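> Structure file start-v8.txt (compact mmCIF, C-alpha atoms and all ligand atoms) is given on the next line.
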```
# COMPACT_ATOMS: atom_id res chain seq x y z
CA MET A 116 -21.49 -29.10 -87.11
CA SER A 117 -23.16 -26.52 -84.90
CA LYS A 118 -24.93 -27.73 -81.80
CA HIS A 119 -28.52 -28.89 -81.91
CA VAL A 120 -31.13 -27.74 -79.43
CA ILE A 121 -33.73 -30.48 -79.52
CA LEU A 122 -37.09 -30.32 -77.78
CA ILE A 123 -38.93 -33.52 -76.91
CA THR A 124 -42.57 -32.80 -76.25
CA GLY A 125 -45.87 -34.66 -76.16
CA THR A 126 -48.80 -35.54 -73.95
CA PRO A 127 -48.00 -36.69 -70.38
CA CYS A 128 -46.75 -40.32 -70.25
CA VAL A 129 -46.17 -40.58 -73.99
CA GLY A 130 -42.55 -41.60 -73.36
CA LYS A 131 -40.67 -38.28 -73.58
CA THR A 132 -38.24 -38.95 -70.74
CA SER A 133 -37.45 -42.52 -71.83
CA VAL A 134 -36.69 -41.35 -75.38
CA ALA A 135 -34.91 -38.15 -74.37
CA ARG A 136 -32.58 -39.98 -71.99
CA LEU A 137 -31.64 -42.60 -74.59
CA LEU A 138 -31.07 -39.89 -77.20
CA THR A 139 -28.96 -37.97 -74.70
CA SER A 140 -26.63 -40.93 -74.24
CA LYS A 141 -26.43 -41.61 -78.00
CA LEU A 142 -25.60 -37.99 -78.82
CA LYS A 143 -23.52 -37.38 -75.68
CA ALA A 144 -25.75 -34.39 -75.22
CA PHE A 145 -26.70 -32.23 -72.26
CA TYR A 146 -30.10 -33.21 -70.84
CA VAL A 147 -32.64 -30.89 -69.30
CA ASN A 148 -35.86 -32.17 -67.76
CA LEU A 149 -38.06 -29.09 -67.35
CA THR A 150 -39.99 -30.37 -64.34
CA ASP A 151 -36.75 -31.28 -62.52
CA LEU A 152 -35.12 -27.97 -63.44
CA ALA A 153 -38.12 -25.99 -62.19
CA THR A 154 -38.28 -27.98 -58.96
CA ASN A 155 -34.55 -28.13 -58.19
CA GLU A 156 -33.95 -24.45 -58.90
CA HIS A 157 -37.26 -23.25 -57.42
CA LEU A 158 -38.44 -21.73 -60.69
CA ILE A 159 -42.04 -22.13 -59.63
CA LEU A 160 -44.90 -19.81 -58.73
CA GLY A 161 -46.84 -22.32 -56.68
CA LYS A 162 -48.83 -25.53 -56.82
CA ASP A 163 -51.94 -26.28 -58.84
CA LYS A 164 -53.72 -28.42 -56.27
CA GLU A 165 -56.58 -29.36 -58.61
CA ARG A 166 -54.17 -30.73 -61.20
CA ASP A 167 -51.64 -31.99 -58.67
CA SER A 168 -48.86 -30.21 -60.55
CA ILE A 169 -46.47 -27.28 -60.18
CA ILE A 170 -47.03 -23.86 -61.74
CA VAL A 171 -43.79 -22.99 -63.48
CA ASP A 172 -42.41 -19.45 -63.44
CA GLU A 173 -42.15 -19.24 -67.22
CA LYS A 174 -40.20 -16.01 -67.28
CA ARG A 175 -37.46 -17.29 -64.98
CA ILE A 176 -37.23 -20.76 -66.51
CA ARG A 177 -36.96 -19.21 -69.98
CA ARG A 178 -34.02 -17.05 -68.81
CA ARG A 179 -32.34 -20.03 -67.12
CA ILE A 180 -32.72 -22.26 -70.20
CA GLN A 181 -31.25 -19.58 -72.42
CA GLU A 182 -28.28 -19.39 -70.05
CA LEU A 183 -27.82 -23.19 -70.04
CA ILE A 184 -27.95 -23.40 -73.84
CA MET A 185 -25.47 -20.55 -74.26
CA GLN A 186 -23.03 -22.11 -71.78
CA CYS A 187 -23.22 -25.56 -73.33
CA ASP A 188 -20.80 -26.76 -76.01
CA ARG A 189 -22.77 -29.93 -76.76
CA ASP A 190 -26.17 -30.73 -78.21
CA VAL A 191 -28.92 -29.91 -75.74
CA ILE A 192 -32.03 -32.06 -75.28
CA ILE A 193 -34.95 -30.46 -73.49
CA ASP A 194 -37.70 -32.74 -72.21
CA GLY A 195 -41.13 -31.46 -71.20
CA HIS A 196 -44.65 -31.11 -72.47
CA TYR A 197 -44.49 -27.30 -72.28
CA ALA A 198 -40.99 -27.04 -73.81
CA VAL A 199 -42.13 -24.94 -76.79
CA GLY A 200 -43.53 -22.36 -74.40
CA VAL A 201 -40.30 -21.80 -72.47
CA VAL A 202 -37.38 -22.33 -74.86
CA PRO A 203 -36.62 -19.19 -76.91
CA LYS A 204 -37.68 -20.23 -80.41
CA GLN A 205 -34.67 -18.69 -82.18
CA LEU A 206 -32.47 -21.20 -80.33
CA VAL A 207 -34.47 -24.29 -81.30
CA THR A 208 -33.18 -26.66 -84.02
CA TYR A 209 -35.90 -29.32 -83.88
CA VAL A 210 -39.10 -30.01 -81.98
CA PHE A 211 -40.04 -33.68 -81.79
CA VAL A 212 -43.68 -34.20 -80.85
CA LEU A 213 -44.18 -37.78 -79.68
CA ARG A 214 -47.60 -39.21 -80.51
CA CYS A 215 -49.25 -42.39 -79.31
CA ASP A 216 -52.49 -44.17 -80.17
CA PRO A 217 -54.86 -43.27 -77.32
CA VAL A 218 -55.64 -46.95 -76.71
CA GLU A 219 -51.96 -47.64 -75.96
CA LEU A 220 -51.43 -44.29 -74.26
CA ARG A 221 -54.25 -45.03 -71.83
CA ASN A 222 -52.22 -48.03 -70.61
CA PHE A 223 -49.09 -45.90 -70.19
CA MET A 224 -51.11 -43.31 -68.28
CA GLU A 225 -52.59 -45.92 -65.99
CA LYS A 226 -49.04 -47.20 -65.33
CA CYS A 227 -48.06 -43.60 -64.49
CA GLY A 228 -50.91 -43.54 -61.95
CA PHE A 229 -53.43 -41.39 -63.83
CA TYR A 230 -57.10 -42.17 -63.44
CA GLY A 231 -60.48 -40.42 -63.61
CA HIS A 232 -60.71 -36.82 -64.78
CA LYS A 233 -56.97 -36.33 -65.22
CA LEU A 234 -56.66 -39.43 -67.38
CA TRP A 235 -59.51 -38.39 -69.68
CA GLU A 236 -58.30 -34.81 -69.84
CA ASN A 237 -54.81 -35.89 -70.90
CA LEU A 238 -56.17 -38.42 -73.39
CA ALA A 239 -58.35 -35.68 -74.91
CA SER A 240 -55.19 -33.55 -75.33
CA GLU A 241 -53.58 -36.34 -77.33
CA ILE A 242 -56.71 -36.96 -79.43
CA LEU A 243 -57.06 -33.23 -80.19
CA ASP A 244 -53.34 -32.70 -81.03
CA VAL A 245 -52.81 -30.09 -78.29
CA CYS A 246 -48.99 -30.42 -78.08
CA LEU A 247 -48.63 -30.40 -81.86
CA VAL A 248 -50.80 -27.30 -82.21
CA ASP A 249 -48.84 -25.56 -79.43
CA ALA A 250 -45.60 -26.37 -81.26
CA LEU A 251 -46.94 -25.15 -84.61
CA ASN A 252 -48.18 -21.93 -83.03
CA VAL A 253 -44.73 -21.11 -81.71
CA ASN A 254 -42.25 -22.58 -84.17
CA GLY A 255 -44.03 -22.97 -87.52
CA GLU A 256 -43.60 -26.00 -89.79
CA GLY A 257 -40.17 -27.21 -90.90
CA ARG A 258 -38.51 -27.74 -87.55
CA ILE A 259 -41.42 -29.66 -86.05
CA CYS A 260 -41.40 -33.41 -86.52
CA GLU A 261 -44.19 -35.68 -85.35
CA ILE A 262 -43.12 -39.17 -84.33
CA ASP A 263 -45.77 -41.86 -83.97
CA ARG A 264 -44.37 -44.01 -81.20
CA THR A 265 -47.30 -46.44 -81.12
CA ARG A 266 -46.14 -50.05 -80.58
CA LYS A 267 -42.49 -48.99 -80.86
CA SER A 268 -39.72 -49.49 -78.36
CA THR A 269 -37.82 -46.54 -76.93
CA GLU A 270 -34.83 -47.68 -79.01
CA GLU A 271 -36.87 -47.60 -82.24
CA VAL A 272 -38.19 -44.13 -81.49
CA ALA A 273 -34.69 -42.81 -80.72
CA LYS A 274 -33.41 -44.32 -83.99
CA GLU A 275 -36.18 -42.59 -85.94
CA ILE A 276 -35.22 -39.26 -84.39
CA LEU A 277 -31.53 -39.85 -85.14
CA GLY A 278 -32.50 -40.63 -88.75
CA ILE A 279 -34.10 -37.18 -89.02
CA LEU A 280 -31.15 -35.44 -87.32
CA ASN A 281 -28.81 -37.15 -89.80
CA ASP A 282 -30.98 -36.16 -92.79
CA LYS A 283 -31.76 -39.80 -93.56
CA GLU A 284 -35.45 -39.52 -92.75
CA LYS A 285 -37.99 -36.78 -93.34
CA CYS A 286 -39.31 -34.47 -90.66
CA ARG A 287 -43.08 -34.38 -91.06
CA VAL A 288 -46.28 -33.29 -89.40
CA GLY A 289 -49.76 -34.68 -89.97
CA VAL A 290 -48.72 -38.30 -89.47
CA VAL A 291 -51.59 -39.33 -87.19
CA ASP A 292 -55.34 -38.73 -87.03
CA TRP A 293 -56.63 -40.19 -83.78
CA LEU A 294 -60.12 -38.67 -84.14
CA ASN A 295 -60.65 -40.49 -87.39
CA LYS A 296 -59.04 -43.71 -86.18
CA LEU A 297 -61.11 -43.88 -82.99
CA GLU A 298 -64.26 -43.03 -84.93
CA ASN A 299 -63.59 -45.88 -87.39
CA GLU A 300 -62.97 -48.26 -84.51
CA GLY A 301 -66.17 -47.17 -82.74
CA LEU A 302 -64.12 -45.97 -79.76
CA LEU A 303 -64.46 -42.20 -80.01
CA GLU A 304 -67.17 -41.78 -77.38
CA GLU A 305 -65.32 -43.99 -74.92
CA TYR A 306 -62.03 -42.12 -75.36
CA LEU A 307 -63.12 -38.51 -75.92
CA ARG A 308 -65.11 -37.85 -72.77
CA ILE A 309 -64.07 -34.27 -72.10
N1 LIG A 401 -41.78 -48.31 -75.39
C1 LIG A 401 -42.47 -48.47 -74.25
N2 LIG A 401 -43.14 -49.60 -74.03
C2 LIG A 401 -43.83 -49.77 -72.88
N3 LIG A 401 -43.93 -48.84 -71.91
C3 LIG A 401 -43.28 -47.69 -72.09
C4 LIG A 401 -42.53 -47.41 -73.28
N4 LIG A 401 -42.02 -46.15 -73.19
C5 LIG A 401 -42.46 -45.67 -72.00
N5 LIG A 401 -43.19 -46.59 -71.36
C6 LIG A 401 -43.82 -46.43 -70.05
O1 LIG A 401 -44.70 -45.33 -70.13
C7 LIG A 401 -44.61 -44.51 -68.97
C8 LIG A 401 -44.25 -43.10 -69.32
O2 LIG A 401 -42.93 -43.01 -69.83
P1 LIG A 401 -42.07 -41.68 -69.64
O3 LIG A 401 -41.87 -41.37 -68.21
O4 LIG A 401 -40.86 -41.84 -70.50
O5 LIG A 401 -43.08 -40.62 -70.28
P2 LIG A 401 -43.07 -39.04 -70.17
O6 LIG A 401 -43.68 -38.57 -71.45
O7 LIG A 401 -41.72 -38.55 -69.84
O8 LIG A 401 -44.06 -38.78 -68.96
P3 LIG A 401 -44.27 -37.39 -68.14
O9 LIG A 401 -45.08 -36.53 -69.04
O10 LIG A 401 -45.03 -37.83 -66.92
O11 LIG A 401 -42.93 -36.84 -67.83
C9 LIG A 401 -43.58 -45.19 -68.05
O12 LIG A 401 -44.27 -45.98 -67.13
C10 LIG A 401 -42.77 -46.05 -69.00
O13 LIG A 401 -42.27 -47.19 -68.37
MG MG A 402 -41.08 -37.28 -68.26
```
Have the structure of the file written as structure tokens, please.

Amino acid sequence: MSKHVILITGTPCVGKTSVARLLTSKLKAFYVNLTDLATNEHLILGKDKERDSIIVDEKRIRRRIQELIMQCDRDVIIDGHYAVGVVPKQLVTYVFVLRCDPVELRNFMEKCGFYGHKLWENLASEILDVCLVDALNVNGEGRICEIDRTRKSTEEVAKEILGILNDKEKCRVGVVDWLNKLENEGLLEEYLRI
């Protein structure tokens, strides 16, 4: 079997790192956390003070990731919400977009320390499918699998992904519709503030 290059993407705090690390140990894969790679190897252009985040040097990180994938003789798991923008698409086997009901995700975000504008901005990204749309724009359907991780443990999510990798479960998009769900629950105005 040839090696897989698997991207784990999704809105901040959705559980990417927890799932990616567990998957890495199950597959004995090579793990790349994009934020850590950019920070440790100084692949950054500067700091976005307003967003309290780093501005990644996309050109250099793209080159570095290509190098890491080429050198690696194992499956590679790449964890980061902008993974589709920096991993050369011809090298990608699967993109897993983790999704989470905004009501649950809000709790995760609060645990991560988000509040105020940043919390509502990130929740709006989840409600409006930003990571999924980004993935579809770059990779096209077929290799993009949406995983609804709502009320699931990290173990359950990793198992679902392994099921897809082993051709036992289907890779699908269009599995959630948060706009509709929040609307039906009368929560849309509270959750979509931006
Ligand atoms: N299955 C779960 N049940 C409860 N809490 C969880 C679960 N998975 C993750 N969390 C919590 O949610 C938060 C975010 O998890 P994690 O760091 O894996 O997300 P992330 O998508 O990698 O975040 P970031 O975008 O900041 O890198 C953590 O506080 C974690 O403990
Ligand atoms: Mg993370």
> I'd like the neighbourhood of range 302-307 of chain A as a PDB file with C-alpha atoms, keeping the file's coordinate frame, where a residue qualifies if any of its atoms comes within 9 Å (using all atoms listed in the file), though same-chain residues fewer than 4 positions away should be ignored.

```pdb
ATOM      1  CA  PRO A 217     -54.860 -43.270 -77.320  1.00  0.00           C
ATOM      2  CA  VAL A 218     -55.640 -46.950 -76.710  1.00  0.00           C
ATOM      3  CA  TRP A 235     -59.510 -38.390 -69.680  1.00  0.00           C
ATOM      4  CA  GLU A 236     -58.300 -34.810 -69.840  1.00  0.00           C
ATOM      5  CA  LEU A 238     -56.170 -38.420 -73.390  1.00  0.00           C
ATOM      6  CA  ALA A 239     -58.350 -35.680 -74.910  1.00  0.00           C
ATOM      7  CA  ILE A 242     -56.710 -36.960 -79.430  1.00  0.00           C
ATOM      8  CA  TRP A 293     -56.630 -40.190 -83.780  1.00  0.00           C
ATOM      9  CA  LEU A 294     -60.120 -38.670 -84.140  1.00  0.00           C
ATOM     10  CA  ASN A 295     -60.650 -40.490 -87.390  1.00  0.00           C
ATOM     11  CA  LYS A 296     -59.040 -43.710 -86.180  1.00  0.00           C
ATOM     12  CA  LEU A 297     -61.110 -43.880 -82.990  1.00  0.00           C
ATOM     13  CA  GLU A 298     -64.260 -43.030 -84.930  1.00  0.00           C
TER      14      GLU A 298
END
```
> Could you give me, as a PDB file with C-alpha atoms, in the frame of the given file, the residues within 8 Å of His119 in chain A, counting all atoms listed in the file and dropping anything in the same chain fewer than 4 positions from it?

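Listing of part.pdb after writing:
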```pdb
ATOM      1  CA  ARG A 189     -22.770 -29.930 -76.760  1.00  0.00           C
ATOM      2  CA  ASP A 190     -26.170 -30.730 -78.210  1.00  0.00           C
ATOM      3  CA  VAL A 191     -28.920 -29.910 -75.740  1.00  0.00           C
ATOM      4  CA  VAL A 207     -34.470 -24.290 -81.300  1.00  0.00           C
ATOM      5  CA  THR A 208     -33.180 -26.660 -84.020  1.00  0.00           C
ATOM      6  CA  TYR A 209     -35.900 -29.320 -83.880  1.00  0.00           C
TER       7      TYR A 209
END
```
> Check every protein, DNA and RNA residue against ligand MG 402 (chain A), keep those with an atom at most 10 Å away (counting all atoms listed in the file), and present them as a list in words.
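Counting only what the definition allows, namely all atoms listed in the file, the set is Ile123, Thr124, Gly125, Thr126, Pro127, Cys128, Val129, Gly130, Lys131, Thr132, Ser133, Val134, Ala135, Arg136, Asn148, Leu149, Thr150, Asp151, Asp194, Gly195 and His196 of chain A.
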> Since we have the selection now, will you write its residues out, keeping C-alpha atoms, as a PDB file, in the frame of the given file?

```pdb
ATOM      1  CA  ILE A 123     -38.930 -33.520 -76.910  1.00  0.00           C
ATOM      2  CA  THR A 124     -42.570 -32.800 -76.250  1.00  0.00           C
ATOM      3  CA  GLY A 125     -45.870 -34.660 -76.160  1.00  0.00           C
ATOM      4  CA  THR A 126     -48.800 -35.540 -73.950  1.00  0.00           C
ATOM      5  CA  PRO A 127     -48.000 -36.690 -70.380  1.00  0.00           C
ATOM      6  CA  CYS A 128     -46.750 -40.320 -70.250  1.00  0.00           C
ATOM      7  CA  VAL A 129     -46.170 -40.580 -73.990  1.00  0.00           C
ATOM      8  CA  GLY A 130     -42.550 -41.600 -73.360  1.00  0.00           C
ATOM      9  CA  LYS A 131     -40.670 -38.280 -73.580  1.00  0.00           C
ATOM     10  CA  THR A 132     -38.240 -38.950 -70.740  1.00  0.00           C
ATOM     11  CA  SER A 133     -37.450 -42.520 -71.830  1.00  0.00           C
ATOM     12  CA  VAL A 134     -36.690 -41.350 -75.380  1.00  0.00           C
ATOM     13  CA  ALA A 135     -34.910 -38.150 -74.370  1.00  0.00           C
ATOM     14  CA  ARG A 136     -32.580 -39.980 -71.990  1.00  0.00           C
ATOM     15  CA  ASN A 148     -35.860 -32.170 -67.760  1.00  0.00           C
ATOM     16  CA  LEU A 149     -38.060 -29.090 -67.350  1.00  0.00           C
ATOM     17  CA  THR A 150     -39.990 -30.370 -64.340  1.00  0.00           C
ATOM     18  CA  ASP A 151     -36.750 -31.280 -62.520  1.00  0.00           C
ATOM     19  CA  ASP A 194     -37.700 -32.740 -72.210  1.00  0.00           C
ATOM     20  CA  GLY A 195     -41.130 -31.460 -71.200  1.00  0.00           C
ATOM     21  CA  HIS A 196     -44.650 -31.110 -72.470  1.00  0.00           C
TER      22      HIS A 196
END
```
> So, with only C-alpha atoms and all ligand atoms as the atoms that count, which of A:His232, A:Arg177, A:Arg266, A:Lys285 lies closest to ligand LIG 401 (chain A)?
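So, comparing all the options, the nearest one is A:Arg266.
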> Using only C-alpha atoms and all ligand atoms, can you tell me which of A:Glu270, A:Glu156, A:Glu165, A:Asp249 comes closest to ligand LIG 401 (chain A)?
A:Glu270
> Find the distance between CA of Val202 in chain A and CA of Leu158 in chain A and write it in Å to one decimal.
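Atom-to-atom, CA of Val202 in chain A and CA of Leu158 in chain A are spaced 14.2 Å apart.
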> Work out how far CA of Ile184 in chain A is from CA of Leu206 in chain A, in Å to one decimal.
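CA of Leu206 in chain A sits 8.2 Å away from CA of Ile184 in chain A.
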> Name the closest residue to Ile159 in chain A among the candidates A:Cys227, A:Val171, A:Val288, A:Ala198; distances are taken between atoms, counting all atoms listed in the file.
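Under the stated criterion, the closest residue is A:Val171.
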> So, counting all atoms listed in the file, which residue among A:Ile192, A:Leu220, A:Ala250, A:Leu277 is closest to ligand LIG 401 (chain A)?
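Going through A:Ile192, A:Leu220, A:Ala250, A:Leu277 one by one, the smallest distance to ligand LIG 401 (chain A) is for A:Leu220.
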> When you draw a straight line from CA of Phe223 in chain A to CA of Arg264 in chain A, how long is it in Å?
12.1 Å
> Residues at most 10 Å from Asp188 in chain A, counting only C-alpha atoms, excluding those fewer than 4 positions away in the same chain, as a ChimeraX atom specification?
/A:117-119,144-145,183-184
> From the options A:Thr265, A:Ser168, A:Asn155, A:Asn252, which residue's atoms come nearest to Arg221 in chain A, counting only C-alpha atoms?
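That would be A:Thr265, the residue with the smallest distance to Arg221 in chain A.
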> A:Val253, A:Leu280, A:Leu213, A:Ile309: which is nearest ligand LIG 401 (chain A), counting all atoms listed in the file?
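Checking each of A:Val253, A:Leu280, A:Leu213, A:Ile309 against ligand LIG 401 (chain A), counting all atoms listed in the file, the winner is A:Leu213.
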> Once you count only C-alpha atoms, which residues end up no further than 12 Å from (-35.4, -42.6, -84.1) in the file's frame, shown as a VMD selection string?
chain A and resid 134 to 135 137 to 138 141 211 213 260 to 264 267 to 286
> Store the residues picked out above, limited to C-alpha atoms, as a PDB file, in the coordinates of the input.

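Just written: again37.pdb:
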```pdb
ATOM      1  CA  VAL A 134     -36.690 -41.350 -75.380  1.00  0.00           C
ATOM      2  CA  ALA A 135     -34.910 -38.150 -74.370  1.00  0.00           C
ATOM      3  CA  LEU A 137     -31.640 -42.600 -74.590  1.00  0.00           C
ATOM      4  CA  LEU A 138     -31.070 -39.890 -77.200  1.00  0.00           C
ATOM      5  CA  LYS A 141     -26.430 -41.610 -78.000  1.00  0.00           C
ATOM      6  CA  PHE A 211     -40.040 -33.680 -81.790  1.00  0.00           C
ATOM      7  CA  LEU A 213     -44.180 -37.780 -79.680  1.00  0.00           C
ATOM      8  CA  CYS A 260     -41.400 -33.410 -86.520  1.00  0.00           C
ATOM      9  CA  GLU A 261     -44.190 -35.680 -85.350  1.00  0.00           C
ATOM     10  CA  ILE A 262     -43.120 -39.170 -84.330  1.00  0.00           C
ATOM     11  CA  ASP A 263     -45.770 -41.860 -83.970  1.00  0.00           C
ATOM     12  CA  ARG A 264     -44.370 -44.010 -81.200  1.00  0.00           C
ATOM     13  CA  LYS A 267     -42.490 -48.990 -80.860  1.00  0.00           C
ATOM     14  CA  SER A 268     -39.720 -49.490 -78.360  1.00  0.00           C
ATOM     15  CA  THR A 269     -37.820 -46.540 -76.930  1.00  0.00           C
ATOM     16  CA  GLU A 270     -34.830 -47.680 -79.010  1.00  0.00           C
ATOM     17  CA  GLU A 271     -36.870 -47.600 -82.240  1.00  0.00           C
ATOM     18  CA  VAL A 272     -38.190 -44.130 -81.490  1.00  0.00           C
ATOM     19  CA  ALA A 273     -34.690 -42.810 -80.720  1.00  0.00           C
ATOM     20  CA  LYS A 274     -33.410 -44.320 -83.990  1.00  0.00           C
ATOM     21  CA  GLU A 275     -36.180 -42.590 -85.940  1.00  0.00           C
ATOM     22  CA  ILE A 276     -35.220 -39.260 -84.390  1.00  0.00           C
ATOM     23  CA  LEU A 277     -31.530 -39.850 -85.140  1.00  0.00           C
ATOM     24  CA  GLY A 278     -32.500 -40.630 -88.750  1.00  0.00           C
ATOM     25  CA  ILE A 279     -34.100 -37.180 -89.020  1.00  0.00           C
ATOM     26  CA  LEU A 280     -31.150 -35.440 -87.320  1.00  0.00           C
ATOM     27  CA  ASN A 281     -28.810 -37.150 -89.800  1.00  0.00           C
ATOM     28  CA  ASP A 282     -30.980 -36.160 -92.790  1.00  0.00           C
ATOM     29  CA  LYS A 283     -31.760 -39.800 -93.560  1.00  0.00           C
ATOM     30  CA  GLU A 284     -35.450 -39.520 -92.750  1.00  0.00           C
ATOM     31  CA  LYS A 285     -37.990 -36.780 -93.340  1.00  0.00           C
ATOM     32  CA  CYS A 286     -39.310 -34.470 -90.660  1.00  0.00           C
TER      33      CYS A 286
END
```
> My structure is short of atoms at range 143-158 of chain A; please model N, CA, C and O atoms there, returning them as a short mmCIF file (atom, residue, chain, number, x, y, z; two decimals), in the coordinates of the input.

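Output (part05.cif):
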```cif
data_model
loop_
_atom_site.label_atom_id
_atom_site.label_comp_id
_atom_site.auth_asym_id
_atom_site.auth_seq_id
_atom_site.Cartn_x
_atom_site.Cartn_y
_atom_site.Cartn_z
N LYS A 143 -24.38 -37.98 -76.73
CA LYS A 143 -23.52 -37.38 -75.68
C LYS A 143 -23.91 -35.93 -75.45
O LYS A 143 -23.08 -35.02 -75.41
N ALA A 144 -25.20 -35.74 -75.33
CA ALA A 144 -25.75 -34.39 -75.22
C ALA A 144 -25.92 -33.98 -73.77
O ALA A 144 -25.65 -34.75 -72.85
N PHE A 145 -26.37 -32.75 -73.59
CA PHE A 145 -26.70 -32.23 -72.26
C PHE A 145 -28.22 -32.33 -72.11
O PHE A 145 -28.96 -31.87 -72.98
N TYR A 146 -28.67 -32.93 -71.02
CA TYR A 146 -30.10 -33.21 -70.84
C TYR A 146 -30.75 -32.27 -69.84
O TYR A 146 -30.21 -32.04 -68.76
N VAL A 147 -31.88 -31.73 -70.24
CA VAL A 147 -32.64 -30.89 -69.30
C VAL A 147 -34.07 -31.42 -69.22
O VAL A 147 -34.79 -31.48 -70.23
N ASN A 148 -34.47 -31.81 -68.00
CA ASN A 148 -35.86 -32.17 -67.76
C ASN A 148 -36.52 -30.94 -67.12
O ASN A 148 -36.11 -30.51 -66.04
N LEU A 149 -37.51 -30.38 -67.80
CA LEU A 149 -38.06 -29.09 -67.35
C LEU A 149 -38.68 -29.15 -65.96
O LEU A 149 -38.53 -28.22 -65.17
N THR A 150 -39.36 -30.26 -65.66
CA THR A 150 -39.99 -30.37 -64.34
C THR A 150 -38.91 -30.41 -63.26
O THR A 150 -39.02 -29.73 -62.23
N ASP A 151 -37.84 -31.19 -63.50
CA ASP A 151 -36.75 -31.28 -62.52
C ASP A 151 -36.04 -29.94 -62.37
O ASP A 151 -35.73 -29.52 -61.25
N LEU A 152 -35.80 -29.26 -63.50
CA LEU A 152 -35.12 -27.97 -63.44
C LEU A 152 -35.95 -26.97 -62.62
O LEU A 152 -35.42 -26.28 -61.73
N ALA A 153 -37.25 -26.92 -62.90
CA ALA A 153 -38.12 -25.99 -62.19
C ALA A 153 -38.14 -26.30 -60.69
O ALA A 153 -38.07 -25.40 -59.86
N THR A 154 -38.21 -27.59 -60.36
CA THR A 154 -38.28 -27.98 -58.96
C THR A 154 -36.95 -27.74 -58.25
O THR A 154 -36.91 -27.12 -57.19
N ASN A 155 -35.86 -28.22 -58.85
CA ASN A 155 -34.55 -28.13 -58.19
C ASN A 155 -34.08 -26.70 -58.02
O ASN A 155 -33.39 -26.38 -57.06
N GLU A 156 -34.44 -25.83 -58.98
CA GLU A 156 -33.95 -24.45 -58.90
C GLU A 156 -35.05 -23.48 -58.45
O GLU A 156 -34.91 -22.28 -58.60
N HIS A 157 -36.13 -24.04 -57.96
CA HIS A 157 -37.26 -23.25 -57.42
C HIS A 157 -37.78 -22.21 -58.41
O HIS A 157 -38.05 -21.07 -58.04
N LEU A 158 -37.92 -22.64 -59.66
CA LEU A 158 -38.44 -21.73 -60.69
C LEU A 158 -39.95 -21.94 -60.80
O LEU A 158 -40.48 -22.20 -61.87
#
```
